[in-house]
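Notes follow once the structure below has been shown.
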Amino acid sequence: MISYKKTFDLLEKREIPLYKIINDGPRQKALRENGYITTRTLDRLCAALDCQPGDLVEYIPDNNNNSNSCGT
């Protein structure tokens with residue numbers, strides 16, 4: 001699972017509303033409301049906040065899923 005908690009925490013810390021950074025069109029709004037951020041939005045966030053994707057998202061392993069999707 002990908003967590004965007006870091007994104008929202010950073011925006012809150014810097015007192016920046018998400019709509020100030022992204023074009024809040026219907027697709028972006030629907031994706032965000034469902035817990036997803038597009039790579040285009042991630043790119044805009046990194047540029048606006050002068051940070052790297054790892055500063056904004058975090059991978060959280062699903063302990064219920066024993067399969068290894070990376071093939072290692």
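Simple scheme: letters A, B, ... for chains in structure tokens order, numbers from 1 for residues in each chain, numbers from 1 for ligands in the order shown.
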Please provide as a ChimeraX atom specification all residues within 10 Å of Leu42 in chain A, with the sequence filter that same-chain residues fewer than 5 positions apart are discarded (counting only C-alpha atoms).
/A:7,22,37,47-48,52-53,56-57
Output of the above residues as a short mmCIF file (atom, residue, chain, number, x, y, z; two decimals), in the first residue's frame, restricted to all heavy atoms:
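Output saved as part_23.cif:
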```
data_model
loop_
_atom_site.label_atom_id
_atom_site.label_comp_id
_atom_site.auth_asym_id
_atom_site.auth_seq_id
_atom_site.Cartn_x
_atom_site.Cartn_y
_atom_site.Cartn_z
N THR A 7 2.62 13.48 2.49
CA THR A 7 2.24 14.60 1.63
C THR A 7 1.36 15.58 2.38
O THR A 7 1.63 16.78 2.43
CB THR A 7 1.48 14.10 0.37
OG1 THR A 7 2.30 13.19 -0.34
CG2 THR A 7 1.10 15.27 -0.53
N ILE A 22 -2.10 21.88 -7.37
CA ILE A 22 -2.58 21.09 -8.51
C ILE A 22 -3.77 21.74 -9.16
O ILE A 22 -4.48 22.55 -8.55
CB ILE A 22 -2.94 19.65 -8.08
CG1 ILE A 22 -4.13 19.64 -7.12
CG2 ILE A 22 -1.76 18.93 -7.50
CD1 ILE A 22 -4.71 18.28 -6.90
N ILE A 37 -3.03 9.78 -5.66
CA ILE A 37 -2.45 10.98 -6.26
C ILE A 37 -1.74 10.53 -7.52
O ILE A 37 -0.96 9.58 -7.50
CB ILE A 37 -1.46 11.67 -5.29
CG1 ILE A 37 -2.19 12.20 -4.07
CG2 ILE A 37 -0.73 12.81 -6.00
CD1 ILE A 37 -1.28 12.84 -3.04
N ALA A 47 7.97 19.69 -7.29
CA ALA A 47 8.48 20.97 -7.80
C ALA A 47 8.09 22.12 -6.87
O ALA A 47 8.91 22.96 -6.54
CB ALA A 47 7.94 21.22 -9.20
N ALA A 48 6.84 22.13 -6.44
CA ALA A 48 6.35 23.23 -5.60
C ALA A 48 6.97 23.22 -4.21
O ALA A 48 7.22 24.28 -3.63
CB ALA A 48 4.83 23.17 -5.49
N GLN A 52 11.71 15.46 -2.80
CA GLN A 52 11.75 14.22 -3.57
C GLN A 52 10.49 13.40 -3.29
O GLN A 52 9.86 13.57 -2.25
CB GLN A 52 12.99 13.41 -3.18
CG GLN A 52 14.30 14.07 -3.58
CD GLN A 52 14.44 14.16 -5.08
OE1 GLN A 52 14.20 13.20 -5.81
NE2 GLN A 52 14.82 15.33 -5.56
N PRO A 53 10.11 12.48 -4.22
CA PRO A 53 8.91 11.67 -4.00
C PRO A 53 8.90 10.94 -2.65
O PRO A 53 7.86 10.83 -2.01
CB PRO A 53 8.93 10.68 -5.16
CG PRO A 53 9.63 11.41 -6.25
CD PRO A 53 10.69 12.24 -5.54
N LEU A 56 7.24 12.50 0.18
CA LEU A 56 5.79 12.66 0.09
C LEU A 56 5.01 11.36 0.20
O LEU A 56 3.86 11.37 0.60
CB LEU A 56 5.43 13.34 -1.24
CG LEU A 56 6.04 14.71 -1.48
CD1 LEU A 56 5.71 15.19 -2.88
CD2 LEU A 56 5.56 15.70 -0.44
N VAL A 57 5.62 10.25 -0.20
CA VAL A 57 4.91 8.97 -0.17
C VAL A 57 5.74 7.93 0.55
O VAL A 57 6.96 8.03 0.64
CB VAL A 57 4.55 8.47 -1.59
CG1 VAL A 57 3.62 9.42 -2.29
CG2 VAL A 57 5.78 8.22 -2.41
#
```
Determine, counting only C-alpha atoms, which protein, DNA and RNA residues have an atom within 12 Å of an atom of Pro17 in chain A; residues of the same chain fewer than 6 positions away are not included. Present the result as an MDAnalysis selection string.
chainID A and resid 7:11 23:24 45 48:49
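Distance-wise, CA of Cys46 in chain A and CA of Ile2 in chain A end up 16.6 Å apart.
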Would you work out the distance separating CA of Glu58 in chain A from CA of Met1 in chain A, expressed in Å to one decimal?
8.4 Å
From CA of Ser3 in chain A to CA of Arg44 in chain A the spacing works out at 17.6 Å
